[in-house]
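The data block below is my_file-v3.cif; it holds mmCIF, C-alpha atoms.
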```cif
data_start
loop_
_atom_site.label_atom_id
_atom_site.label_comp_id
_atom_site.auth_asym_id
_atom_site.auth_seq_id
_atom_site.Cartn_x
_atom_site.Cartn_y
_atom_site.Cartn_z
CA MET A 1 123.73 67.49 99.26
CA SER A 2 121.48 65.67 101.70
CA THR A 3 118.19 64.05 100.83
CA THR A 4 116.22 66.16 103.30
CA TRP A 5 117.69 69.29 101.77
CA LEU A 6 116.67 68.17 98.27
CA ILE A 7 113.17 67.09 99.31
CA SER A 8 112.55 70.33 101.18
CA ARG A 9 113.64 72.38 98.15
CA ILE A 10 111.44 70.36 95.79
CA ALA A 11 108.51 70.87 98.16
CA ILE A 12 109.05 74.61 98.58
CA PHE A 13 109.61 75.40 94.91
CA SER A 14 106.80 73.12 93.71
CA PHE A 15 104.40 74.78 96.11
CA THR A 16 105.51 78.22 94.95
CA TRP A 17 105.02 77.23 91.33
CA TRP A 18 101.64 75.68 92.05
CA VAL A 19 100.51 78.92 93.68
CA LEU A 20 101.88 81.13 90.92
CA ALA A 21 100.46 79.01 88.10
CA LYS A 22 97.01 78.76 89.73
CA GLY A 23 97.47 74.97 89.83
CA ALA A 24 97.07 74.61 86.05
CA TYR A 25 98.23 71.14 84.93
CA ASP A 26 99.78 72.13 81.63
CA SER A 27 101.93 74.76 83.34
CA TRP A 28 104.18 72.04 84.75
CA GLN A 29 106.07 71.63 81.49
CA VAL A 30 107.48 75.08 82.19
CA GLY A 31 107.28 74.63 85.94
CA ILE A 32 109.47 71.55 86.29
CA PRO A 33 112.47 73.06 84.45
CA ALA A 34 111.98 76.24 86.46
CA ILE A 35 111.96 74.27 89.71
CA LEU A 36 115.10 72.39 88.71
CA ALA A 37 116.81 75.67 87.81
CA ALA A 38 115.78 77.17 91.14
CA ILE A 39 117.20 74.18 93.03
CA TYR A 40 120.46 74.49 91.08
CA VAL A 41 120.74 78.22 91.79
CA ASP A 42 119.90 77.63 95.43
CA TYR A 43 122.60 74.97 95.65
CA ARG A 44 125.22 77.12 93.98
CA LEU A 45 124.47 80.29 95.91
CA PHE A 46 123.62 78.88 99.31
CA ARG A 47 125.51 75.62 99.61
CA PRO A 48 123.62 73.43 102.04
CA GLN A 49 125.01 74.81 105.22
CA THR A 50 125.72 73.23 108.50
CA ASP A 51 123.67 75.96 110.17
CA ARG A 52 120.54 74.52 111.67
CA TRP A 53 117.41 76.56 111.26
CA SER A 54 114.88 76.85 113.98
CA ILE A 55 111.37 77.06 112.53
CA GLY A 56 110.00 78.75 115.64
CA GLY A 57 112.77 81.33 115.57
CA PHE A 58 112.13 81.93 111.90
CA ILE A 59 108.40 82.46 112.40
CA ILE A 60 109.07 84.92 115.23
CA LEU A 61 111.53 86.81 113.05
CA ALA A 62 109.10 86.78 110.10
CA LEU A 63 106.28 88.24 112.20
CA PHE A 64 108.65 90.78 113.67
CA PHE A 65 109.84 91.64 110.17
CA LEU A 66 106.24 92.15 109.03
CA LYS A 67 105.52 94.43 111.96
CA LEU A 68 108.72 96.38 111.31
CA SER A 69 107.94 96.88 107.68
CA VAL A 70 104.59 98.41 108.59
CA THR A 71 105.95 100.72 111.30
CA SER A 72 108.93 101.75 109.19
CA GLY A 73 106.68 102.52 106.22
CA ILE A 74 104.53 104.74 108.40
CA ASP A 75 107.58 106.38 109.95
CA VAL A 76 109.22 107.23 106.64
CA VAL A 77 105.94 108.52 105.18
CA ARG A 78 105.48 110.78 108.16
CA ARG A 79 108.93 112.23 107.70
CA ILE A 80 108.50 112.81 103.98
CA TYR A 81 105.12 114.43 104.41
CA HIS A 82 106.12 116.65 107.29
CA PRO A 83 106.61 120.26 106.08
CA ARG A 84 109.92 120.64 107.90
CA LEU A 85 111.29 117.29 106.72
CA PRO A 86 112.42 115.99 110.14
CA LEU A 87 115.61 114.18 109.22
CA ASN A 88 118.73 113.83 111.27
CA PRO A 89 120.69 111.32 109.23
CA ALA A 90 123.98 109.69 110.08
CA MET A 91 126.32 107.06 108.78
CA VAL A 92 127.41 104.92 111.71
CA VAL A 93 129.37 101.75 112.36
CA TYR A 94 127.70 98.97 114.26
CA SER A 95 129.84 96.13 115.66
CA LEU A 96 128.42 92.77 114.74
CA ARG A 97 128.08 89.98 117.25
CA LEU A 98 126.72 87.46 114.77
CA THR A 99 129.43 85.15 113.57
CA SER A 100 128.05 83.02 110.76
CA GLU A 101 127.73 84.34 107.25
CA ALA A 102 124.13 83.25 106.73
CA ALA A 103 123.07 84.93 109.97
CA ARG A 104 124.85 88.12 108.98
CA ASN A 105 123.18 88.24 105.60
CA LEU A 106 119.79 87.77 107.18
CA PHE A 107 120.61 90.55 109.63
CA VAL A 108 121.70 92.94 106.86
CA CYS A 109 118.40 92.46 105.06
CA THR A 110 116.33 92.90 108.19
CA VAL A 111 118.19 96.07 109.07
CA SER A 112 117.31 97.59 105.72
CA LEU A 113 113.64 97.30 106.56
CA LEU A 114 113.88 98.59 110.10
CA PRO A 115 112.41 102.04 110.77
CA GLY A 116 115.03 104.56 109.77
CA THR A 117 117.97 102.28 109.08
CA LEU A 118 119.55 101.06 105.88
CA SER A 119 122.59 98.84 105.84
CA ALA A 120 125.29 100.19 103.59
CA GLU A 121 128.28 97.91 103.89
CA LEU A 122 129.09 94.68 105.63
CA GLY A 123 132.64 94.52 106.92
CA ALA A 124 134.47 91.74 108.70
CA HIS A 125 133.20 92.62 112.15
CA SER A 126 130.95 95.55 111.58
CA LEU A 127 128.13 96.92 109.53
CA VAL A 128 127.91 100.44 108.17
CA VAL A 129 124.38 101.62 108.77
CA HIS A 130 122.67 104.71 107.47
CA VAL A 131 120.12 105.99 109.97
CA LEU A 132 117.43 108.56 109.28
CA ASP A 133 117.28 109.91 112.80
CA VAL A 134 120.28 109.63 115.14
CA ASP A 135 118.08 110.42 118.12
CA ARG A 136 116.19 107.17 117.82
CA PRO A 137 117.49 104.33 120.00
CA PHE A 138 118.64 102.49 116.90
CA ARG A 139 121.47 100.65 118.59
CA GLN A 140 119.09 98.91 120.95
CA GLU A 141 116.85 98.05 118.02
CA LEU A 142 119.74 96.62 116.06
CA LYS A 143 120.77 94.60 119.07
CA LEU A 144 117.25 93.22 119.44
CA ILE A 145 117.19 92.18 115.80
CA GLU A 146 120.57 90.55 116.15
CA ASP A 147 119.19 88.47 119.02
CA ARG A 148 116.16 87.47 116.96
CA VAL A 149 118.35 86.51 114.00
CA ALA A 150 120.60 84.47 116.30
CA ALA A 151 117.49 82.67 117.55
CA VAL A 152 116.68 81.59 114.00
CA PHE A 153 119.99 79.82 113.74
CA GLY A 154 119.39 78.33 117.11
CA HIS A 155 122.77 77.82 118.63
CA PRO A 156 124.47 80.17 121.04
CA GLY A 157 127.68 80.14 119.00
CA GLN A 158 126.02 82.61 116.65
CA LEU A 159 126.33 85.41 119.11
CA ASP A 160 129.71 86.37 120.34
CA ASP A 161 128.96 88.23 123.52
CA ASN A 162 132.54 89.21 124.09
CA LYS A 163 132.07 91.69 121.34
CA LYS A 164 130.36 94.87 122.19
CA GLY A 165 126.95 95.07 120.54
CA ALA A 166 125.41 98.36 121.52
CA ALA A 167 127.38 101.26 122.81
CA MET B 1 81.40 95.83 103.62
CA ASN B 2 84.02 94.01 101.62
CA ASN B 3 83.96 96.73 99.00
CA ILE B 4 84.47 99.44 101.56
CA LEU B 5 87.44 97.59 103.04
CA THR B 6 88.90 97.04 99.57
CA ALA B 7 88.47 100.70 98.72
CA LEU B 8 90.07 101.80 101.97
CA LEU B 9 93.06 99.52 101.49
CA LEU B 10 93.47 100.63 97.88
CA VAL B 11 93.37 104.30 98.78
CA LEU B 12 95.77 103.79 101.66
CA GLY B 13 98.14 101.73 99.49
CA SER B 14 98.08 104.33 96.74
CA LEU B 15 98.71 107.05 99.28
CA PHE B 16 101.81 105.25 100.54
CA CYS B 17 103.06 104.77 96.97
CA PHE B 18 102.37 108.42 96.22
CA ILE B 19 104.27 109.61 99.28
CA ALA B 20 107.15 107.27 98.42
CA ALA B 21 107.30 108.97 95.03
CA LEU B 22 107.06 112.36 96.70
CA GLY B 23 110.00 111.30 98.85
CA MET B 24 112.06 110.72 95.72
CA LEU B 25 111.60 114.41 94.93
CA ARG B 26 111.77 115.89 98.40
CA LEU B 27 114.55 113.95 100.05
CA PRO B 28 118.06 115.31 99.78
CA ASP B 29 120.37 112.38 98.90
CA THR B 30 120.39 108.90 97.37
CA VAL B 31 120.70 106.95 100.58
CA ILE B 32 117.86 108.83 102.24
CA ARG B 33 115.72 108.37 99.13
CA MET B 34 116.27 104.63 99.38
CA HIS B 35 114.52 104.67 102.74
CA ALA B 36 111.44 106.10 101.05
CA ALA B 37 111.55 103.81 98.05
CA THR B 38 111.91 100.59 100.02
CA LYS B 39 109.85 101.15 103.12
CA ALA B 40 106.95 103.30 101.99
CA GLY B 41 106.88 101.70 98.54
CA THR B 42 106.80 98.16 99.91
CA LEU B 43 104.05 99.00 102.35
CA GLY B 44 101.99 100.70 99.63
CA ALA B 45 102.31 97.82 97.20
CA GLY B 46 101.57 95.35 100.01
CA LEU B 47 98.35 97.14 100.93
CA ILE B 48 97.21 97.15 97.30
CA LEU B 49 97.86 93.41 97.07
CA ILE B 50 95.91 92.80 100.29
CA ALA B 51 93.05 94.85 98.83
CA GLU B 52 93.08 92.59 95.78
CA ALA B 53 92.94 89.48 97.97
CA PHE B 54 89.96 90.90 99.87
CA PHE B 55 88.14 91.91 96.71
CA TYR B 56 88.29 88.51 95.02
CA ALA B 57 88.16 86.46 98.24
CA GLU B 58 89.46 83.37 96.43
CA LEU B 59 92.06 81.00 97.78
CA GLY B 60 94.19 81.02 94.62
CA ILE B 61 94.29 84.79 94.42
CA THR B 62 94.91 85.21 98.14
CA LEU B 63 97.82 82.78 97.99
CA ARG B 64 99.29 84.60 95.03
CA ALA B 65 98.87 87.95 96.73
CA LEU B 66 100.65 86.55 99.79
CA ALA B 67 103.42 85.13 97.59
CA ALA B 68 103.84 88.51 95.89
CA ILE B 69 104.00 90.24 99.29
CA SER B 70 106.63 87.82 100.55
CA PHE B 71 108.70 88.32 97.40
CA LEU B 72 108.45 92.07 97.88
CA LEU B 73 109.51 91.79 101.50
CA LEU B 74 112.39 89.52 100.55
CA THR B 75 113.71 91.51 97.62
CA ALA B 76 113.16 95.15 98.65
CA PRO B 77 115.68 95.16 101.52
CA VAL B 78 118.28 93.32 99.45
CA ALA B 79 117.93 95.85 96.65
CA ALA B 80 118.02 98.71 99.16
CA HIS B 81 121.18 97.35 100.73
CA LEU B 82 122.90 96.91 97.37
CA ILE B 83 121.96 100.37 96.13
CA GLY B 84 123.02 101.90 99.44
CA ARG B 85 126.30 100.04 99.21
CA ALA B 86 126.90 101.04 95.60
CA ALA B 87 126.08 104.66 96.44
CA TYR B 88 128.49 104.63 99.33
CA TYR B 89 131.27 102.97 97.36
CA SER B 90 130.93 105.32 94.45
CA GLY B 91 131.37 108.18 96.91
CA ILE B 92 128.12 110.03 96.34
CA ARG B 93 127.75 113.23 98.29
CA LEU B 94 125.79 112.75 101.44
CA TRP B 95 123.41 115.45 102.55
CA HIS B 96 125.31 118.25 104.32
CA LYS B 97 123.40 117.65 107.54
CA THR B 98 124.38 114.00 107.69
CA TRP B 99 125.74 113.60 111.16
CA ILE B 100 129.03 111.82 110.69
CA ASP B 101 130.91 110.14 107.96
CA GLN B 102 133.68 108.63 109.97
CA LEU B 103 134.36 106.04 107.30
CA LYS B 104 135.01 108.30 104.42
CA ASP B 105 138.79 108.21 104.42
CA ARG B 106 139.15 104.75 105.80
CA TYR B 107 136.89 103.08 103.37
CA SER B 108 139.54 101.88 100.95
CA ALA B 109 141.59 100.48 103.82
CA GLY B 110 139.57 97.28 103.63
CA ASP B 111 138.46 96.56 107.13
CA LEU B 112 136.12 98.88 108.91
CA PRO B 113 136.93 100.71 112.12
CA GLU B 114 135.48 99.62 115.42
CA ASP B 115 132.30 101.02 116.81
CA THR B 116 132.82 104.52 118.10
CA GLY B 117 129.18 105.50 118.53
CA PRO B 118 127.45 108.72 117.67
#
```
Can you give me the file's structure in the form of structure tokens?
Amino acid sequence: MSTTWLISRIAIFSFTWWVLAKGAYDSWQVGIPAILAAIYVDYRLFRPQTDRWSIGGFIILALFFLKLSVTSGIDVVRRIYHPRLPLNPAMVVYSLRLTSEAARNLFVCTVSLLPGTLSAELGAHSLVVHVLDVDRPFRQELKLIEDRVAAVFGHPGQLDDNKKGAA
Amino acid sequence: MNNILTALLLVLGSLFCFIAALGMLRLPDTVIRMHAATKAGTLGAGLILIAEAFFYAELGITLRALAAISFLLLTAPVAAHLIGRAAYYSGIRLWHKTWIDQLKDRYSAGDLPEDTGP
């Protein structure tokens, strides 16, 4: 456990608590144990990894994620509300190019919020994806997200280009 | 002006939540319903939270609304993925128009087949 890791966690969780508790002083007697518990859980679940995060890449992904969640919400609402229920669902296998576990997990979560896709199962080299409309260019979209996720983790080793991404 | 914006956001947010609920009834299988619950539901709740932030126009409340939105955005896809996974593992019936289920028989084999494309 490195010092920077610990300091960054203390900063993030303290800030979150401060926001949630409206900055009330007497809330810290509950807040400090909660922060310590959060740091412990974080350490146990996500052992400080060697993966380096790129802040810029993360902000780009976060903004992209926000945009996606809006467009996908509108898309799904349109389909539900449409009298003919325009669905053309499929369960497909997508070959992953991301190699690290953290990057894959981030990808799985992003995919679930993409318009018309929901990740069902993460395999060793592939992801089972449920798509609402097979006619959408979802493979290109998945590939784009994979690139963005790889950019968060910064180093080119995250993407194995020898593997086929989009068919 | 602020009130009009708040009202608009609230109505829009409620509409999204309503349609998400409608989707629960209209959509044909669990996995497809998850699309409605996570995407439309998250957007609806997010809009309502933004409306709240606009209405009070206070730093503390805005920050908390933003925190709540980020928690929603972080947790909804994870929950959707896990429910989708559980549904798939437990072998729920997919809608009869679902295009392909190439994994059905091979699922217990452990590793997944390579990409064959639709």
Subject >> Shell of 12 Å around His130 in chain A, all atoms listed in the file, local chain residues under 6 positions omitted, as a PyMOL selection string >> reply: (chain A and resi 87-94+108+111-121+138-139) or (chain B and resi 29-35+80-81+84-85+87-88+94-95+98-103+118)
**OP:** List every protein, DNA or RNA residue with an atom no more than 10 Å from (105.2, 95.2, 108.3) in the file's coordinates, counting only C-alpha atoms, and format the result as a list in words.
**Re:**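 Checking each residue against the 10 Å limit leaves Ala62, Leu63, Phe64, Phe65, Leu66, Lys67, Leu68, Ser69, Val70, Thr71, Ser72, Gly73, Ile74, Leu113 and Leu114 of chain A; Lys39, Thr42, Leu43, Gly46 and Leu73 of chain B.
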Restricting it to C-alpha atoms, dump the selection as a compact mmCIF listing (two decimals), in the coordinates of the input.
```txt
# COMPACT_ATOMS: atom_id res chain seq x y z
CA ALA A 62 109.10 86.78 110.10
CA LEU A 63 106.28 88.24 112.20
CA PHE A 64 108.65 90.78 113.67
CA PHE A 65 109.84 91.64 110.17
CA LEU A 66 106.24 92.15 109.03
CA LYS A 67 105.52 94.43 111.96
CA LEU A 68 108.72 96.38 111.31
CA SER A 69 107.94 96.88 107.68
CA VAL A 70 104.59 98.41 108.59
CA THR A 71 105.95 100.72 111.30
CA SER A 72 108.93 101.75 109.19
CA GLY A 73 106.68 102.52 106.22
CA ILE A 74 104.53 104.74 108.40
CA LEU A 113 113.64 97.30 106.56
CA LEU A 114 113.88 98.59 110.10
CA LYS B 39 109.85 101.15 103.12
CA THR B 42 106.80 98.16 99.91
CA LEU B 43 104.05 99.00 102.35
CA GLY B 46 101.57 95.35 100.01
CA LEU B 73 109.51 91.79 101.50
```
Subject >> the PyMOL selection byres ((chain A and resi 38) around 12) applied to the shown file, residues as a list in words >> reply: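 Checking the PyMOL selection byres ((chain A and resi 38) around 12) against this file, the residues are Leu6, Arg9, Ile10, Ala11, Ile12, Phe13, Ser14, Thr16, Trp17, Gly31, Ile32, Pro33, Ala34, Ile35, Leu36, Ala37, Ile39, Tyr40, Val41, Asp42, Tyr43, Arg44, Leu45 and Phe46 of chain A.
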Residues from the last selection, C-alpha atoms, saved as a PDB file, keeping the file's coordinate frame:
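See out-v1.pdb below for the written result:
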```
ATOM      1  CA  LEU A   6     116.670  68.170  98.270  1.00  0.00           C
ATOM      2  CA  ARG A   9     113.640  72.380  98.150  1.00  0.00           C
ATOM      3  CA  ILE A  10     111.440  70.360  95.790  1.00  0.00           C
ATOM      4  CA  ALA A  11     108.510  70.870  98.160  1.00  0.00           C
ATOM      5  CA  ILE A  12     109.050  74.610  98.580  1.00  0.00           C
ATOM      6  CA  PHE A  13     109.610  75.400  94.910  1.00  0.00           C
ATOM      7  CA  SER A  14     106.800  73.120  93.710  1.00  0.00           C
ATOM      8  CA  THR A  16     105.510  78.220  94.950  1.00  0.00           C
ATOM      9  CA  TRP A  17     105.020  77.230  91.330  1.00  0.00           C
ATOM     10  CA  GLY A  31     107.280  74.630  85.940  1.00  0.00           C
ATOM     11  CA  ILE A  32     109.470  71.550  86.290  1.00  0.00           C
ATOM     12  CA  PRO A  33     112.470  73.060  84.450  1.00  0.00           C
ATOM     13  CA  ALA A  34     111.980  76.240  86.460  1.00  0.00           C
ATOM     14  CA  ILE A  35     111.960  74.270  89.710  1.00  0.00           C
ATOM     15  CA  LEU A  36     115.100  72.390  88.710  1.00  0.00           C
ATOM     16  CA  ALA A  37     116.810  75.670  87.810  1.00  0.00           C
ATOM     17  CA  ILE A  39     117.200  74.180  93.030  1.00  0.00           C
ATOM     18  CA  TYR A  40     120.460  74.490  91.080  1.00  0.00           C
ATOM     19  CA  VAL A  41     120.740  78.220  91.790  1.00  0.00           C
ATOM     20  CA  ASP A  42     119.900  77.630  95.430  1.00  0.00           C
ATOM     21  CA  TYR A  43     122.600  74.970  95.650  1.00  0.00           C
ATOM     22  CA  ARG A  44     125.220  77.120  93.980  1.00  0.00           C
ATOM     23  CA  LEU A  45     124.470  80.290  95.910  1.00  0.00           C
ATOM     24  CA  PHE A  46     123.620  78.880  99.310  1.00  0.00           C
TER      25      PHE A  46
END
```
**OP:** Select, from A:Phe58, A:Ile7, A:Ala102, A:Thr110, the residue with the minimum atom-to-atom distance to Glu141 in chain A, counting all atoms listed in the file.
**Re:**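 Distance minimum relative to Glu141 in chain A lands on A:Thr110.
Across the chains present, the PyMOL selection byres ((chain B and resi 51-58) around 9) applied to this file returns Asn2, Asn3, Leu5, Thr6, Ala7, Leu8, Leu9, Leu10, Gly13, Gly46, Leu47, Ile48, Leu49, Ile50, Leu59, Gly60, Ile61, Thr62, Leu63, Arg64, Ala65 and Leu66 of chain B.
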Subject >> Which of B:Ile4, B:Leu25, B:Ala36, B:Cys17 sits closest to chain A [using only C-alpha atoms] >> reply: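 Distance minimum relative to chain A lands on B:Ala36.
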**OP:** Can you work out which one of B:Gly44, B:Pro77, B:Gly23, B:Pro28 has the shortest atom-to-atom distance to Leu106 in chain A, counting only C-alpha atoms?
**Re:** B:Pro77
Subject >> Pairwise distance for CA of Leu142 in chain A and CA of Lys97 in chain B, rounded to one decimal in Å >> reply: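 Separation between CA of Leu142 in chain A and CA of Lys97 in chain B: 23.0 Å.
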Quick one: axis-aligned box around all listed atoms of range 14-32 of chain A, 6 Å on every side, centre and edge lengths in Å to one decimal, written as JSON.
```
{"center_x": 103.2, "center_y": 76.1, "center_z": 88.8, "size_x": 24.5, "size_y": 22.0, "size_z": 26.6}
```
**OP:** Check the smallest atom-to-atom distance from each of B:Leu12, B:Ile19, B:Ala45, B:Ile69 to chain A using only C-alpha atoms, then report the winner.
**Re:**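 Closest to chain A, using only C-alpha atoms: B:Ile19.
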**OP:** Using only C-alpha atoms, find the one residue out of A:Ser8, A:Ala124, A:Arg97, A:Pro86 that sits nearest to chain B.
**Re:**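 Of all the options, A:Ala124 lies closest to chain B.
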**OP:** Could you check how far CA of Phe107 in chain A sits from CA of Ile145 in chain A, in Å to one decimal?
**Re:** 7.2 Å
Original post:
With all atoms listed in the file as the atoms that count, which of B:Ala67, B:Ala76, B:Leu82, B:Val11 lies nearest to Gly41 in chain B?
Top reply: B:Ala76
Original post:
What is the distance between CA of His96 in chain B and CA of Arg84 in chain A, in Å to one decimal?
Top reply: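 It comes out at 16.0 Å.
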Original post:
Neighbours of Ala103 in chain A within 8 Å (only C-alpha atoms; same-chain residues fewer than 5 positions away dropped), as a list in words?
Top reply: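 Selected residues are Leu98, Val149, Ala150, Phe153 and Gln158 of chain A.
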